[in-house]
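Enquirer: Before I ask anything, let me first share the structure, which is written out below as structure tokens.
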Amino acid sequence: MGLFLLRRFGVMVLTALCLTLVVFFMTNLYPNLEKLAKQQGNFRMSDKDVSQWLDARGYLQSTPVKYGQWLGVLPGYIGTLPDGKPTGRCLKPGTDPADAPTFCGVIQGDWGDSTVFKEPVLDLVIRRLSLTGVLMFWTLLATIPMALLVGVLAGMREGSKLDRSLSTFSIATTATPEYVSGVIFIVIFSSSLVGLKWFKGSAASAMEGVTFENFTLPVMTMALYSMGYIARMTRASMAEVMSAQYIRTARLKGVSFPSIVLKHAFRNAMIAPFTVIMLQFPYLLTGVVIVEILFNYKGFGWLLVQAAGNNDIDLLLGCSVVAVFVVLVTQLISDIGYVYLNPRIRVK
Amino acid sequence: MEPLGWGGIFAAMFVQFIPVWIGMIIVFVLSYMYRGRLSLYGKLFNTIIGQIGLGLVLFWVFTALFADWIILFDPLEQVAGLKNKKPGVPHPDLEGMYYLLGGDNLGRDVFSRMVAGSQTVLAIAPFATLFAFMVGITLGLPAGFLGGRMDTVLSFLANLVLAFPVILLFYLLVTPEIRVTGIPTVLAAFLFLFPIIFAWVLFYSRYETRPDVMYPLLAGTVIIGFWAYSGLAFNADPLGVWSMDPNRLNIFVSVVFVNSPTVFRIVRGITMDIKTRDYVAAGQTRGEGPFYIMLWEILPNARGPLIVDFCLRIGYTTILLGTLGFFGLGVSPESADWGSTINEGRKLLSIYPHPALPPALALMSLVLGLNLLADALREQSLKD
């Protein structure tokens, strides 16, 4: 187990490095830098001005060097602006250049500054991420019990009427992406056309305090799409377990049906859905972005869109580090959980 | 003129869709008559779910095909007096013409835009999925069958792409700035090679001992393959038959890129399962080469799960295209595709819901049809 974890961890670090390098490369392509220079400087800069502006700030070094500086394994860039002032990644405004640290990258905890929000990236990301955390918490709280219930009910008697209707329902939810279900929910529950007006079509006020009224629609929208997939996995796994020999033995011994489902089948049927739930996180992230934009909830997804839309390089890199980290950690948990839950693998 | 009521709107829409109904009836009657000879496809008619799925998919396929006859107005034409008007509103200048599903915030016909949007989706989704399958199969078969270091490297790369959040990838890959650097063209040049490689190896492994059949086939592959290749990847077809505009190429390539690692993993898994079967061992004993066994023994026997996944994946690609449109990535601002229409309509959603709902329901019904079709196919293929 120790060796397995170590190897898995090694692959994870390698993957994270490769992915951040790709993001770094893509955000630092010259057309992107040119756009950044024109946004930060002025829009009527000539090509020569642009390259001067970029050169003074160290943007024109080679990609591996810049990546090393961003990561914090190479000394931070220091250059001089046309007006003679020193500038660089490690020099913060208002501090003495002599005191500046040599290394200032992600490893040292300096994630750079956002050019749009004029704030340190790390603070921004943490604040927005905590808002998204609230959304995720309620979503998972709604999704998982519902999905497991639907899956177990459908899978316990394969081919029955209940199975058919629940399966069709879960297929229908997987066919409804967030931007479709969100729109339909807003029309039904908050528009003047239908006139129900039970919930609010915007979750902007949920950033201060979550209420039933402002948070139901975003959570429902997020939960619906991922629910169908988990439910179908649970159903398949449950159906497989229910056809196993030991279930037949239990039935022949006269154990009651509810007891078989709950005591004998349920736990064994949970192994596959667990990994699926964990592997859903990368897809949930896309859902988060859509739902936060649709309901105007300014969390991590909203931040990512702002960063990408405004070519805010450091912020976008920060967001991708978090996204990649979340994906890789959930993959790791899913692997460990699979080994832990499945005795056949654990004993080996 | 009086605006139409809901009964009138539905009757008028029914009339507009007449070419679609005719097409669907012909396909259904013919398929039902010959269902005994149509193997897996014919068995679809044993289940109601399968028929509903097929019906929904056919509806949108025919709608895309006959879109020019179905639409009532040019999807880009703006009529100032019909901004945000309710469904069934009469056109101010044209006698007897109505905006069946109302007008959007620029005064364009919602109905015509919804119909035109189906063309964008169905022109990209099936072909992008096909290309993703070509890439996935060409790499997944050897990775699963031969294993070794190539498998390790390919699997690592596939996991790398899979660990990338899709939305981030789209934001990085589908922008006007990226188009300037030529990265989409490079990706296209790489990804579009796979169908040619696939066809080449397919024919070569089969007809290696029969040069009289092999050479014409290989020559055909190379000529047609690179002819299409030059047009699709570089927009440099000398005859001008094959072409793709840079916007569409950018979307197409990114969607193929996102989908192929998953296909790769599926094909690799199935191959590893099938290679332990007796008929593979029999082929090896006969002295067949590894590529013959992969392409002519393993692949035909893996077709069941692959066909099912193909249907599901077209649906998933449709959702991805909608996501791209929703974020306004890689589409022109006026584009009638469903994703961008939903995005435009959502801004005034609680006051005027009618512009956003039709494309949303259209997208949902197409994906639902594909998912139901896949489910029925899975069920029927497991019955064998």
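By order of appearance in the structure tokens: chains A, B, ..., then residues from 1 within every chain, and ligands from 1 in the order shown.
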Define the interface residues of chain A facing chain B as those within 6 Å, counting only C-alpha atoms, and report them as number ranges by chain.
Expert: A: 31, 172, 175-176, 180, 191, 282, 286
Enquirer: With a distance cut-off of 7 Å and only C-alpha atoms, select the neighbouring residues of Ala307 (chain A), excluding the residue or stretch itself and same-chain residues fewer than 5 positions from it, and output the selection as a PDB file with C-alpha atoms, in the first residue's frame.
Expert:
ATOM      1  CA  ASP A 312      -5.496  37.746 -16.572  1.00  0.00           C
ATOM      2  CA  LEU A 315      -5.208  34.593 -12.061  1.00  0.00           C
ATOM      3  CA  LEU A 316      -5.918  32.057 -14.793  1.00  0.00           C
TER       4      LEU A 316
END
Enquirer: Could you pull out the alpha helix (DSSP H) residues of region 83-283 of chain B, going by DSSP on the backbone, and write them as JSON, numbers by chain?
Expert: {"B": [110, 111, 112, 113, 114, 115, 116, 117, 118, 119, 120, 121, 122, 123, 124, 125, 126, 127, 128, 129, 130, 131, 132, 133, 134, 135, 136, 137, 138, 139, 140, 141, 142, 143, 144, 145, 146, 148, 149, 150, 151, 152, 153, 154, 155, 156, 157, 158, 159, 160, 161, 162, 163, 166, 167, 168, 169, 170, 171, 172, 173, 176, 177, 178, 179, 180, 181, 183, 184, 185, 186, 187, 188, 189, 190, 191, 193, 194, 195, 196, 197, 198, 199, 200, 201, 202, 203, 204, 205, 206, 207, 211, 212, 213, 214, 215, 216, 217, 218, 219, 220, 221, 222, 223, 224, 225, 226, 227, 228, 229, 230, 231, 232, 233, 234, 246, 247, 248, 249, 250, 251, 252, 253, 254, 255, 256, 257, 258, 259, 260, 261, 262, 263, 264, 265, 266, 267, 268, 269, 270, 271, 272, 273, 274, 278, 279, 280, 281, 282, 283]}
Enquirer: Which one is closest to Thr20 (chain A): A:Leu303, A:Leu294, A:Val152, A:Leu317? Count only C-alpha atoms.
Expert: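 Smallest distance to Thr20 (chain A) is found for A:Leu317.
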Enquirer: Give the strand (DSSP E) residues of region 74-209 of chain A, as assigned by DSSP on the backbone, as a PyMOL selection string.
Expert: chain A and resi 78-80+86-88
Enquirer: Leaving out region 280-282 of chain B and any residue of its chain fewer than 5 positions from it, which residues lie within 12 Å of it when counting only C-alpha atoms, given as a JSON list (two decimals) with N, CA and C atoms, in the first residue's frame?
Expert:
[["chain", "number", "residue", "atom", "x", "y", "z"],
["B", 145, "PHE", "N", -3.43, -4.05, -27.02],
["B", 145, "PHE", "CA", -3.00, -5.36, -27.52],
["B", 145, "PHE", "C", -1.52, -5.60, -27.28],
["B", 271, "THR", "N", -10.04, -4.02, -25.70],
["B", 271, "THR", "CA", -9.00, -4.81, -26.36],
["B", 271, "THR", "C", -8.32, -5.74, -25.36],
["B", 272, "MET", "N", -8.00, -5.22, -24.18],
["B", 272, "MET", "CA", -7.34, -6.04, -23.18],
["B", 272, "MET", "C", -8.22, -7.21, -22.77],
["B", 273, "ASP", "N", -9.54, -6.98, -22.79],
["B", 273, "ASP", "CA", -10.47, -8.05, -22.45],
["B", 273, "ASP", "C", -10.53, -9.09, -23.57],
["B", 274, "ILE", "N", -10.67, -8.60, -24.81],
["B", 274, "ILE", "CA", -10.90, -9.52, -25.94],
["B", 274, "ILE", "C", -9.65, -10.30, -26.30],
["B", 275, "LYS", "N", -8.46, -9.73, -26.04],
["B", 275, "LYS", "CA", -7.24, -10.41, -26.53],
["B", 275, "LYS", "C", -6.98, -11.75, -25.83],
["B", 287, "GLY", "N", -0.67, -17.65, -37.69],
["B", 287, "GLY", "CA", 0.42, -16.81, -38.15],
["B", 287, "GLY", "C", -0.02, -15.45, -38.64],
["B", 288, "GLU", "N", -1.20, -14.97, -38.20],
["B", 288, "GLU", "CA", -1.65, -13.62, -38.60],
["B", 288, "GLU", "C", -0.81, -12.57, -37.87],
["B", 289, "GLY", "N", -0.58, -11.46, -38.54],
["B", 289, "GLY", "CA", 0.19, -10.38, -37.93],
["B", 289, "GLY", "C", -0.64, -9.68, -36.86],
["B", 290, "PRO", "N", 0.03, -8.94, -35.98],
["B", 290, "PRO", "CA", -0.70, -8.28, -34.89],
["B", 290, "PRO", "C", -1.76, -7.30, -35.39],
["B", 291, "PHE", "N", -1.47, -6.59, -36.50],
["B", 291, "PHE", "CA", -2.44, -5.59, -36.94],
["B", 291, "PHE", "C", -3.67, -6.23, -37.58],
["B", 292, "TYR", "N", -3.47, -7.39, -38.23],
["B", 292, "TYR", "CA", -4.64, -8.10, -38.74],
["B", 292, "TYR", "C", -5.54, -8.51, -37.58],
["B", 293, "ILE", "N", -4.93, -9.04, -36.52],
["B", 293, "ILE", "CA", -5.73, -9.49, -35.38],
["B", 293, "ILE", "C", -6.46, -8.32, -34.74],
["B", 294, "MET", "N", -5.75, -7.20, -34.58],
["B", 294, "MET", "CA", -6.39, -6.03, -33.94],
["B", 294, "MET", "C", -7.56, -5.53, -34.76],
["B", 295, "LEU", "N", -7.35, -5.35, -36.07],
["B", 295, "LEU", "CA", -8.36, -4.65, -36.87],
["B", 295, "LEU", "C", -9.42, -5.59, -37.42],
["B", 296, "TRP", "N", -9.08, -6.86, -37.64],
["B", 296, "TRP", "CA", -10.05, -7.74, -38.27],
["B", 296, "TRP", "C", -10.58, -8.82, -37.34],
["B", 297, "GLU", "N", -9.97, -8.99, -36.18],
["B", 297, "GLU", "CA", -10.51, -9.96, -35.22],
["B", 297, "GLU", "C", -11.09, -9.25, -34.01],
["B", 298, "ILE", "N", -10.30, -8.34, -33.42],
["B", 298, "ILE", "CA", -10.74, -7.71, -32.17],
["B", 298, "ILE", "C", -11.78, -6.63, -32.44],
["B", 299, "LEU", "N", -11.49, -5.73, -33.39],
["B", 299, "LEU", "CA", -12.38, -4.59, -33.61],
["B", 299, "LEU", "C", -13.81, -5.00, -33.96],
["B", 301, "ASN", "N", -15.38, -7.56, -33.09],
["B", 301, "ASN", "CA", -16.02, -8.13, -31.91],
["B", 301, "ASN", "C", -16.23, -7.11, -30.80]]
Enquirer: Report as an mmCIF file with N, CA and C atoms, in the first residue's frame all protein, DNA and RNA residues lying within 10 Å of Ile188 (chain A), evaluated on only C-alpha atoms, omitting residues in the same chain fewer than 3 positions from it.
Expert:
data_model
loop_
_atom_site.group_PDB
_atom_site.id
_atom_site.type_symbol
_atom_site.label_atom_id
_atom_site.label_comp_id
_atom_site.auth_asym_id
_atom_site.auth_seq_id
_atom_site.Cartn_x
_atom_site.Cartn_y
_atom_site.Cartn_z
ATOM 1 N N GLY A 182 -31.195 24.807 -16.041
ATOM 2 C CA GLY A 182 -31.232 26.092 -15.338
ATOM 3 C C GLY A 182 -32.250 27.027 -15.958
ATOM 4 N N VAL A 183 -32.217 27.119 -17.289
ATOM 5 C CA VAL A 183 -33.157 27.986 -17.998
ATOM 6 C C VAL A 183 -34.597 27.527 -17.737
ATOM 7 N N ILE A 184 -34.822 26.224 -17.826
ATOM 8 C CA ILE A 184 -36.186 25.717 -17.617
ATOM 9 C C ILE A 184 -36.647 25.992 -16.186
ATOM 10 N N PHE A 185 -35.766 25.757 -15.208
ATOM 11 C CA PHE A 185 -36.130 26.002 -13.810
ATOM 12 C C PHE A 185 -36.457 27.469 -13.567
ATOM 13 N N SER A 191 -40.192 33.000 -13.179
ATOM 14 C CA SER A 191 -40.582 34.005 -14.169
ATOM 15 C C SER A 191 -42.018 34.455 -13.931
ATOM 16 N N SER A 192 -42.324 35.610 -14.516
ATOM 17 C CA SER A 192 -43.681 36.122 -14.373
ATOM 18 C C SER A 192 -44.634 35.392 -15.314
ATOM 19 N N LEU A 193 -44.069 34.685 -16.302
ATOM 20 C CA LEU A 193 -44.918 33.987 -17.269
ATOM 21 C C LEU A 193 -45.722 32.882 -16.590
ATOM 22 N N VAL A 194 -45.005 32.020 -15.815
ATOM 23 C CA VAL A 194 -45.698 30.940 -15.116
ATOM 24 C C VAL A 194 -46.331 31.490 -13.836
ATOM 25 N N GLY A 195 -45.616 32.438 -13.217
ATOM 26 C CA GLY A 195 -46.200 33.128 -12.079
ATOM 27 C C GLY A 195 -46.072 32.413 -10.753
ATOM 28 N N LEU A 196 -45.283 31.333 -10.712
ATOM 29 C CA LEU A 196 -45.103 30.659 -9.415
ATOM 30 C C LEU A 196 -44.270 31.518 -8.475
ATOM 31 N N LYS A 197 -43.124 32.001 -9.020
ATOM 32 C CA LYS A 197 -42.208 32.864 -8.264
ATOM 33 C C LYS A 197 -41.869 32.308 -6.881
ATOM 34 N N TRP A 198 -41.604 31.011 -6.838
ATOM 35 C CA TRP A 198 -41.240 30.406 -5.553
ATOM 36 C C TRP A 198 -39.820 30.777 -5.146
ATOM 37 N N PHE A 199 -38.924 30.741 -6.158
ATOM 38 C CA PHE A 199 -37.508 30.948 -5.852
ATOM 39 C C PHE A 199 -36.994 32.131 -6.655
ATOM 40 N N SER B 350 -36.447 36.158 -17.027
ATOM 41 C CA SER B 350 -37.625 36.186 -16.159
ATOM 42 C C SER B 350 -38.729 37.094 -16.720
ATOM 43 N N PRO B 353 -39.345 34.732 -21.449
ATOM 44 C CA PRO B 353 -38.727 33.405 -21.503
ATOM 45 C C PRO B 353 -38.747 32.769 -22.889
#
